[in-house]
Structure formats: C-alpha cells, structure tokens
file target.cif (mmCIF, N, CA, C and O atoms)
data_coords
#
loop_
_atom_site.label_atom_id
_atom_site.label_comp_id
_atom_site.auth_asym_id
_atom_site.auth_seq_id
_atom_site.Cartn_x
_atom_site.Cartn_y
_atom_site.Cartn_z
N MET A 19 44.28 -0.45 -33.29
CA MET A 19 43.93 0.41 -32.18
C MET A 19 45.08 0.36 -31.18
O MET A 19 45.61 -0.71 -30.89
N ASP A 20 45.43 1.51 -30.66
CA ASP A 20 46.52 1.54 -29.70
C ASP A 20 46.01 1.22 -28.29
O ASP A 20 44.82 1.20 -28.02
N LEU A 21 46.93 0.93 -27.42
CA LEU A 21 46.61 0.47 -26.06
C LEU A 21 45.81 1.50 -25.24
O LEU A 21 44.85 1.11 -24.57
N PRO A 22 46.12 2.78 -25.23
CA PRO A 22 45.32 3.73 -24.45
C PRO A 22 43.86 3.79 -24.89
O PRO A 22 42.95 3.85 -24.07
N ARG A 23 43.63 3.74 -26.20
CA ARG A 23 42.25 3.77 -26.69
C ARG A 23 41.50 2.49 -26.31
O ARG A 23 40.32 2.52 -25.99
N LEU A 24 42.22 1.37 -26.38
CA LEU A 24 41.61 0.11 -25.98
C LEU A 24 41.23 0.15 -24.50
O LEU A 24 40.13 -0.27 -24.12
N ASN A 25 42.11 0.71 -23.67
CA ASN A 25 41.81 0.83 -22.23
C ASN A 25 40.60 1.73 -22.00
O ASN A 25 39.78 1.45 -21.13
N ILE A 26 40.50 2.80 -22.76
CA ILE A 26 39.36 3.71 -22.62
C ILE A 26 38.07 2.98 -23.00
O ILE A 26 37.05 3.07 -22.31
N LEU A 27 38.09 2.24 -24.08
CA LEU A 27 36.92 1.50 -24.53
C LEU A 27 36.50 0.44 -23.50
O LEU A 27 35.32 0.29 -23.18
N VAL A 28 37.46 -0.28 -22.98
CA VAL A 28 37.18 -1.31 -21.97
C VAL A 28 36.61 -0.66 -20.71
O VAL A 28 35.63 -1.14 -20.13
N ASN A 29 37.19 0.44 -20.29
CA ASN A 29 36.71 1.13 -19.10
C ASN A 29 35.30 1.69 -19.28
O ASN A 29 34.50 1.71 -18.34
N LYS A 30 35.00 2.16 -20.50
CA LYS A 30 33.63 2.63 -20.77
C LYS A 30 32.64 1.47 -20.63
O LYS A 30 31.56 1.64 -20.07
N ASN A 31 33.01 0.33 -21.16
CA ASN A 31 32.13 -0.83 -21.05
C ASN A 31 31.98 -1.27 -19.59
O ASN A 31 30.87 -1.63 -19.16
N LEU A 32 33.06 -1.25 -18.86
CA LEU A 32 32.99 -1.60 -17.44
C LEU A 32 32.10 -0.61 -16.67
O LEU A 32 31.36 -0.99 -15.76
N TYR A 33 32.18 0.66 -17.05
CA TYR A 33 31.34 1.68 -16.42
C TYR A 33 29.86 1.41 -16.70
O TYR A 33 29.01 1.50 -15.81
N LYS A 34 29.55 1.04 -17.96
CA LYS A 34 28.16 0.73 -18.30
C LYS A 34 27.66 -0.48 -17.51
O LYS A 34 26.53 -0.50 -17.04
N VAL A 35 28.50 -1.48 -17.37
CA VAL A 35 28.13 -2.67 -16.61
C VAL A 35 27.87 -2.30 -15.15
O VAL A 35 26.88 -2.74 -14.55
N SER A 36 28.73 -1.48 -14.59
CA SER A 36 28.53 -1.09 -13.19
C SER A 36 27.27 -0.24 -13.01
O SER A 36 26.58 -0.35 -12.00
N GLU A 37 26.95 0.60 -13.99
CA GLU A 37 25.70 1.37 -13.95
C GLU A 37 24.49 0.45 -13.98
O GLU A 37 23.54 0.63 -13.22
N GLN A 38 24.54 -0.56 -14.83
CA GLN A 38 23.43 -1.51 -14.91
C GLN A 38 23.30 -2.32 -13.62
O GLN A 38 22.18 -2.59 -13.16
N ARG A 39 24.41 -2.69 -13.01
CA ARG A 39 24.36 -3.39 -11.73
C ARG A 39 23.75 -2.50 -10.64
O ARG A 39 22.97 -2.98 -9.81
N LEU A 40 24.11 -1.22 -10.65
CA LEU A 40 23.55 -0.29 -9.69
C LEU A 40 22.05 -0.15 -9.89
O LEU A 40 21.28 -0.18 -8.92
N GLN A 41 21.62 -0.02 -11.13
CA GLN A 41 20.19 0.08 -11.41
C GLN A 41 19.46 -1.18 -10.96
O GLN A 41 18.37 -1.10 -10.39
N GLN A 42 20.05 -2.33 -11.18
CA GLN A 42 19.42 -3.58 -10.75
C GLN A 42 19.33 -3.64 -9.23
O GLN A 42 18.32 -4.07 -8.68
N GLN A 43 20.37 -3.19 -8.54
CA GLN A 43 20.35 -3.17 -7.08
C GLN A 43 19.28 -2.21 -6.56
O GLN A 43 18.58 -2.52 -5.59
N ILE A 44 19.11 -1.08 -7.21
CA ILE A 44 18.08 -0.12 -6.82
C ILE A 44 16.70 -0.74 -7.02
O ILE A 44 15.82 -0.64 -6.16
N ILE A 45 16.50 -1.40 -8.16
CA ILE A 45 15.22 -2.05 -8.43
C ILE A 45 14.94 -3.12 -7.38
O ILE A 45 13.83 -3.23 -6.86
N ASN A 46 15.95 -3.93 -7.06
CA ASN A 46 15.78 -4.98 -6.05
C ASN A 46 15.43 -4.40 -4.68
O ASN A 46 14.57 -4.91 -3.97
N THR A 47 16.09 -3.31 -4.32
CA THR A 47 15.83 -2.67 -3.03
C THR A 47 14.42 -2.10 -2.98
O THR A 47 13.70 -2.29 -2.00
N LEU A 48 14.02 -1.43 -4.04
CA LEU A 48 12.67 -0.87 -4.09
C LEU A 48 11.62 -1.98 -4.04
O LEU A 48 10.60 -1.84 -3.35
N SER A 49 11.85 -3.06 -4.72
CA SER A 49 10.91 -4.19 -4.69
C SER A 49 10.81 -4.78 -3.29
O SER A 49 9.72 -5.11 -2.82
N ALA A 50 11.95 -4.90 -2.63
CA ALA A 50 11.96 -5.44 -1.27
C ALA A 50 11.21 -4.53 -0.30
O ALA A 50 10.45 -5.00 0.55
N VAL A 51 11.40 -3.23 -0.44
CA VAL A 51 10.71 -2.28 0.42
C VAL A 51 9.20 -2.32 0.16
O VAL A 51 8.39 -2.32 1.09
N GLU A 52 8.83 -2.37 -1.11
CA GLU A 52 7.41 -2.44 -1.46
C GLU A 52 6.78 -3.72 -0.92
O GLU A 52 5.68 -3.69 -0.36
N GLN A 53 7.47 -4.83 -1.05
CA GLN A 53 6.95 -6.10 -0.54
C GLN A 53 6.82 -6.05 0.98
O GLN A 53 5.82 -6.52 1.54
N ALA A 54 7.79 -5.46 1.65
CA ALA A 54 7.73 -5.34 3.11
C ALA A 54 6.55 -4.47 3.53
O ALA A 54 5.87 -4.76 4.53
N TYR A 55 6.27 -3.42 2.77
CA TYR A 55 5.14 -2.55 3.07
C TYR A 55 3.82 -3.32 2.97
O TYR A 55 2.98 -3.24 3.86
N TYR A 56 3.67 -4.06 1.89
CA TYR A 56 2.43 -4.82 1.72
C TYR A 56 2.31 -5.96 2.74
O TYR A 56 1.22 -6.28 3.17
N ASP A 57 3.44 -6.53 3.10
CA ASP A 57 3.42 -7.54 4.16
C ASP A 57 2.96 -6.92 5.48
O ASP A 57 2.22 -7.54 6.24
N LEU A 58 3.39 -5.69 5.74
CA LEU A 58 2.98 -4.99 6.96
C LEU A 58 1.48 -4.72 6.94
O LEU A 58 0.79 -4.92 7.95
N LEU A 59 0.97 -4.27 5.81
CA LEU A 59 -0.47 -4.03 5.70
C LEU A 59 -1.25 -5.32 5.93
O LEU A 59 -2.26 -5.33 6.64
N PHE A 60 -0.79 -6.40 5.33
CA PHE A 60 -1.46 -7.68 5.50
C PHE A 60 -1.44 -8.11 6.97
O PHE A 60 -2.45 -8.55 7.51
N ALA A 61 -0.28 -7.98 7.61
CA ALA A 61 -0.16 -8.40 9.00
C ALA A 61 -1.07 -7.58 9.91
O ALA A 61 -1.70 -8.13 10.82
N ARG A 62 -1.16 -6.29 9.65
CA ARG A 62 -2.03 -5.43 10.46
C ARG A 62 -3.49 -5.83 10.29
O ARG A 62 -4.23 -5.94 11.27
N GLU A 63 -3.90 -6.04 9.06
CA GLU A 63 -5.29 -6.45 8.81
C GLU A 63 -5.57 -7.85 9.37
O GLU A 63 -6.66 -8.12 9.84
N ASN A 64 -4.57 -8.70 9.33
CA ASN A 64 -4.73 -10.05 9.87
C ASN A 64 -4.97 -10.00 11.38
O ASN A 64 -5.78 -10.77 11.90
N VAL A 65 -4.29 -9.09 12.06
CA VAL A 65 -4.52 -8.94 13.50
C VAL A 65 -5.97 -8.52 13.74
O VAL A 65 -6.65 -9.06 14.63
N LYS A 66 -6.46 -7.58 12.94
CA LYS A 66 -7.85 -7.14 13.10
C LYS A 66 -8.83 -8.30 12.87
O LYS A 66 -9.79 -8.46 13.63
N VAL A 67 -8.58 -9.08 11.84
CA VAL A 67 -9.46 -10.21 11.53
C VAL A 67 -9.43 -11.24 12.66
O VAL A 67 -10.47 -11.75 13.09
N GLN A 68 -8.24 -11.54 13.16
CA GLN A 68 -8.12 -12.53 14.24
C GLN A 68 -8.78 -12.02 15.52
O GLN A 68 -9.40 -12.80 16.26
N MET A 69 -8.67 -10.72 15.78
CA MET A 69 -9.33 -10.15 16.96
C MET A 69 -10.85 -10.27 16.83
O MET A 69 -11.53 -10.58 17.81
N LYS A 70 -11.37 -10.02 15.64
CA LYS A 70 -12.80 -10.15 15.42
C LYS A 70 -13.23 -11.61 15.59
O LYS A 70 -14.28 -11.90 16.19
N GLY A 71 -12.41 -12.54 15.11
CA GLY A 71 -12.71 -13.96 15.29
C GLY A 71 -12.73 -14.35 16.76
O GLY A 71 -13.59 -15.13 17.20
N LEU A 72 -11.81 -13.80 17.54
CA LEU A 72 -11.78 -14.06 18.97
C LEU A 72 -13.02 -13.49 19.64
O LEU A 72 -13.64 -14.14 20.48
N GLU A 73 -13.39 -12.29 19.25
CA GLU A 73 -14.59 -11.66 19.81
C GLU A 73 -15.83 -12.51 19.54
O GLU A 73 -16.65 -12.74 20.45
N LEU A 74 -15.95 -13.02 18.34
CA LEU A 74 -17.09 -13.87 18.00
C LEU A 74 -17.06 -15.19 18.77
O LEU A 74 -18.10 -15.67 19.22
N ALA A 75 -15.88 -15.75 18.94
CA ALA A 75 -15.75 -17.00 19.70
C ALA A 75 -16.11 -16.77 21.17
O ALA A 75 -16.76 -17.62 21.80
N GLN A 76 -15.73 -15.62 21.72
CA GLN A 76 -16.09 -15.30 23.10
C GLN A 76 -17.60 -15.13 23.24
O GLN A 76 -18.19 -15.60 24.22
N ARG A 77 -18.20 -14.48 22.27
CA ARG A 77 -19.64 -14.30 22.31
C ARG A 77 -20.36 -15.66 22.23
O ARG A 77 -21.32 -15.91 22.96
N LEU A 78 -19.88 -16.55 21.39
CA LEU A 78 -20.46 -17.88 21.27
C LEU A 78 -20.31 -18.65 22.58
O LEU A 78 -21.26 -19.32 23.02
N THR A 79 -19.17 -18.53 23.22
CA THR A 79 -18.96 -19.20 24.50
C THR A 79 -19.94 -18.70 25.54
O THR A 79 -20.52 -19.49 26.30
N GLN A 80 -20.14 -17.39 25.59
CA GLN A 80 -21.09 -16.82 26.55
C GLN A 80 -22.52 -17.30 26.27
O GLN A 80 -23.25 -17.66 27.20
N GLU A 81 -22.88 -17.31 24.99
CA GLU A 81 -24.24 -17.77 24.64
C GLU A 81 -24.41 -19.25 24.98
O GLU A 81 -25.45 -19.66 25.51
N ASN A 82 -23.41 -20.04 24.70
CA ASN A 82 -23.49 -21.47 25.03
C ASN A 82 -23.54 -21.70 26.54
O ASN A 82 -24.23 -22.61 27.00
N LYS A 83 -22.83 -20.88 27.28
CA LYS A 83 -22.87 -21.00 28.73
C LYS A 83 -24.29 -20.75 29.25
O LYS A 83 -24.80 -21.49 30.11
N ARG A 84 -24.93 -19.72 28.71
CA ARG A 84 -26.31 -19.44 29.10
C ARG A 84 -27.25 -20.59 28.71
O ARG A 84 -28.14 -20.96 29.47
N ARG A 85 -27.03 -21.15 27.55
CA ARG A 85 -27.87 -22.27 27.11
C ARG A 85 -27.69 -23.49 28.01
O ARG A 85 -28.65 -24.21 28.28
N VAL A 86 -26.46 -23.72 28.45
CA VAL A 86 -26.21 -24.84 29.36
C VAL A 86 -26.90 -24.59 30.70
O VAL A 86 -27.49 -25.50 31.28
N GLU A 87 -26.84 -23.35 31.15
CA GLU A 87 -27.45 -23.00 32.43
C GLU A 87 -28.96 -23.22 32.42
O GLU A 87 -29.54 -23.63 33.43
N ILE A 88 -29.58 -22.94 31.28
CA ILE A 88 -31.04 -23.12 31.22
C ILE A 88 -31.42 -24.51 30.72
O ILE A 88 -32.60 -24.85 30.63
N GLY A 89 -30.43 -25.34 30.41
CA GLY A 89 -30.68 -26.72 30.04
C GLY A 89 -30.97 -26.98 28.58
O GLY A 89 -31.44 -28.06 28.22
N LYS A 90 -30.69 -26.03 27.71
CA LYS A 90 -30.95 -26.22 26.28
C LYS A 90 -29.76 -26.83 25.54
O LYS A 90 -29.87 -27.16 24.36
N MET A 91 -28.63 -26.95 26.22
CA MET A 91 -27.43 -27.43 25.54
C MET A 91 -26.63 -28.31 26.50
O MET A 91 -26.62 -28.08 27.71
N ALA A 92 -25.93 -29.27 25.92
CA ALA A 92 -25.09 -30.16 26.72
C ALA A 92 -23.80 -29.45 27.12
O ALA A 92 -23.27 -28.63 26.35
N PRO A 93 -23.28 -29.74 28.29
CA PRO A 93 -22.02 -29.10 28.73
C PRO A 93 -20.85 -29.36 27.79
O PRO A 93 -19.94 -28.54 27.68
N LEU A 94 -20.88 -30.47 27.10
CA LEU A 94 -19.80 -30.78 26.16
C LEU A 94 -19.73 -29.74 25.04
O LEU A 94 -18.63 -29.35 24.61
N ASP A 95 -20.88 -29.27 24.59
CA ASP A 95 -20.90 -28.24 23.55
C ASP A 95 -20.30 -26.93 24.06
O ASP A 95 -19.63 -26.21 23.31
N GLU A 96 -20.54 -26.64 25.31
CA GLU A 96 -19.94 -25.43 25.90
C GLU A 96 -18.42 -25.56 25.94
O GLU A 96 -17.70 -24.61 25.62
N GLN A 97 -17.96 -26.74 26.30
CA GLN A 97 -16.51 -26.95 26.35
C GLN A 97 -15.89 -26.87 24.96
O GLN A 97 -14.76 -26.38 24.80
N GLN A 98 -16.62 -27.32 23.97
CA GLN A 98 -16.12 -27.22 22.60
C GLN A 98 -15.99 -25.76 22.18
O GLN A 98 -14.99 -25.37 21.56
N SER A 99 -16.94 -24.93 22.54
CA SER A 99 -16.84 -23.51 22.19
C SER A 99 -15.70 -22.84 22.97
O SER A 99 -15.04 -21.94 22.45
N GLN A 100 -15.45 -23.29 24.19
CA GLN A 100 -14.32 -22.76 24.96
C GLN A 100 -13.00 -23.15 24.29
O GLN A 100 -12.05 -22.35 24.25
N SER A 101 -12.96 -24.35 23.76
CA SER A 101 -11.78 -24.80 23.04
C SER A 101 -11.54 -23.95 21.79
O SER A 101 -10.41 -23.57 21.48
N GLN A 102 -12.62 -23.65 21.08
CA GLN A 102 -12.51 -22.80 19.89
C GLN A 102 -12.05 -21.39 20.27
O GLN A 102 -11.26 -20.77 19.56
N GLU A 103 -12.54 -20.92 21.39
CA GLU A 103 -12.12 -19.59 21.87
C GLU A 103 -10.62 -19.58 22.17
O GLU A 103 -9.91 -18.63 21.82
N ALA A 104 -10.14 -20.62 22.81
CA ALA A 104 -8.71 -20.72 23.10
C ALA A 104 -7.88 -20.77 21.82
O ALA A 104 -6.81 -20.16 21.73
N ALA A 105 -8.39 -21.48 20.82
CA ALA A 105 -7.70 -21.54 19.53
C ALA A 105 -7.66 -20.17 18.88
O ALA A 105 -6.63 -19.77 18.30
N ARG A 106 -8.75 -19.42 18.97
CA ARG A 106 -8.77 -18.07 18.40
C ARG A 106 -7.79 -17.16 19.15
O ARG A 106 -7.16 -16.29 18.55
N GLN A 107 -7.67 -17.35 20.46
CA GLN A 107 -6.71 -16.56 21.24
C GLN A 107 -5.28 -16.84 20.76
O GLN A 107 -4.47 -15.92 20.63
N THR A 108 -5.01 -18.09 20.48
CA THR A 108 -3.70 -18.46 19.94
C THR A 108 -3.48 -17.81 18.58
O THR A 108 -2.38 -17.31 18.30
N ASP A 109 -4.51 -17.79 17.75
CA ASP A 109 -4.41 -17.15 16.45
C ASP A 109 -4.11 -15.65 16.58
O ASP A 109 -3.31 -15.10 15.83
N VAL A 110 -4.74 -15.00 17.55
CA VAL A 110 -4.50 -13.58 17.78
C VAL A 110 -3.05 -13.35 18.21
O VAL A 110 -2.37 -12.45 17.69
N THR A 111 -2.58 -14.18 19.12
CA THR A 111 -1.20 -14.04 19.60
C THR A 111 -0.21 -14.23 18.45
O THR A 111 0.74 -13.45 18.30
N THR A 112 -0.44 -15.23 17.64
CA THR A 112 0.43 -15.48 16.49
C THR A 112 0.40 -14.31 15.52
O THR A 112 1.45 -13.87 15.02
N ALA A 113 -0.78 -13.79 15.24
CA ALA A 113 -0.91 -12.66 14.32
C ALA A 113 -0.20 -11.42 14.87
O ALA A 113 0.45 -10.69 14.12
N GLN A 114 -0.30 -11.20 16.18
CA GLN A 114 0.37 -10.05 16.79
C GLN A 114 1.89 -10.21 16.73
O GLN A 114 2.61 -9.24 16.48
N GLN A 115 2.37 -11.42 16.94
CA GLN A 115 3.81 -11.65 16.84
C GLN A 115 4.30 -11.43 15.41
O GLN A 115 5.35 -10.82 15.19
N THR A 116 3.53 -11.91 14.46
CA THR A 116 3.89 -11.72 13.06
C THR A 116 3.88 -10.24 12.70
O THR A 116 4.78 -9.76 12.00
N TYR A 117 2.91 -9.52 13.22
CA TYR A 117 2.83 -8.08 12.97
C TYR A 117 4.06 -7.37 13.54
O TYR A 117 4.65 -6.51 12.88
N GLY A 118 4.44 -7.75 14.75
CA GLY A 118 5.64 -7.14 15.36
C GLY A 118 6.90 -7.41 14.55
O GLY A 118 7.72 -6.52 14.32
N THR A 119 7.04 -8.63 14.10
CA THR A 119 8.20 -9.00 13.28
C THR A 119 8.18 -8.23 11.97
O THR A 119 9.22 -7.73 11.51
N THR A 120 7.01 -8.11 11.38
CA THR A 120 6.89 -7.40 10.11
C THR A 120 7.18 -5.92 10.28
O THR A 120 7.77 -5.29 9.41
N GLN A 121 6.79 -5.35 11.41
CA GLN A 121 7.10 -3.94 11.67
C GLN A 121 8.62 -3.75 11.73
O GLN A 121 9.14 -2.77 11.21
N ASN A 122 9.29 -4.67 12.40
CA ASN A 122 10.75 -4.57 12.48
C ASN A 122 11.40 -4.69 11.11
O ASN A 122 12.39 -4.00 10.82
N THR A 123 10.82 -5.54 10.29
CA THR A 123 11.37 -5.69 8.93
C THR A 123 11.20 -4.41 8.15
O THR A 123 12.07 -3.95 7.46
#

call {"tool": "encode", "arguments": {"input": "target.cif", "output": "structure tokens"}}
result
Amino acid sequence: MDLPRLNILVNKNLYKVSEQRLQQQIINTLSAVEQAYYDLLFARENVKVQMKGLELAQRLTQENKRRVEIGKMAPLDEQQSQSQEAARQTDVTTAQQTYGTTQNT
C-alpha cells in the first residue's frame, strides 16, 4: 500500500473515532440534563413535603399550647413540640436552598 492510501485509511479511522467521541459526549450531556431535571423535580416536591411537615408541626404546637392552658398537658411537652416546629422550619429552609441551587444547575 502506498503512503497516500495509508494516510487516507488512517484519517478515516480517526474520523470514526472522533464521531464516536462526539456521540459519547452528546449522550453524557443528555444524561446530565435529564438527571438535573429529575433532581429539580425532586427538590420542588421536597419543598412541598417540608412545608406540609412544618404546617403540621405548627398545628401540633398550637394544640399543645391549648392543652397546657387548660391543664391537660405539661409545659415540657409544649416546649418539645416547639422544638420540633423549629426543626421543621430548618428543614424547610434547607429544602428551599437546595431547590434554588438545583434551579441554577
């Protein structure tokens, strides 16, 4: 085989390799975009779940406060529910921050 034909054959093979690399890069990019989309959906739903948890914790705190006022519950139990409410508030804040970061991604 002469040198020009050998160069053509080598260049064809190099072209095929570069096409395969391009296809792999496209697949990787599409996978990353798809994963980011599902991460965004999860983060959005997580914010909703955490907000509902906070709402329930606030309701429990209010009910416990009424129970303490009428003498059916110890004040320590009310403070425990307030602590749980504060923890749920932290969870909401964290979920919202994660959602914001995921939106940017």

call {"tool": "atom_distance", "arguments": {"input": "target.cif", "atom1": "atom O of Leu40 of chain A", "atom2": "atom N of Glu52 of chain A"}}
result
14.9 Å

call {"tool": "residues_around", "arguments": {"input": "target.cif", "residues": "segment 60-66 of chain A", "least_positions_apart": "3", "cutoff": "6 Å", "atoms": "all atoms listed in the file", "output": "PyMOL selection string"}}
result
chain A and resi 55-57+69-71+110+113-114+116-117

call {"tool": "closest_residue", "arguments": {"input": "target.cif", "among": "A:Arg106, A:Lys30, A:Arg84, A:Arg23", "to": "Val67 of chain A", "atoms": "only C-alpha atoms"}}
result
A:Arg106

call {"tool": "axis_aligned_box", "arguments": {"input": "target.cif", "around": "segment 27-32 of chain A", "padding_each_side": "5 Å", "output": "lines of an AutoDock Vina configuration file"}}
result
center_x = 34.5
center_y = 0.5
center_z = -20.1
size_x = 17.2
size_y = 14.3
size_z = 18.8

call {"tool": "atom_distance", "arguments": {"input": "target.cif", "atom1": "atom N of Lys83 of chain A", "atom2": "atom CA of Glu96 of chain A"}}
result
5.6 Å
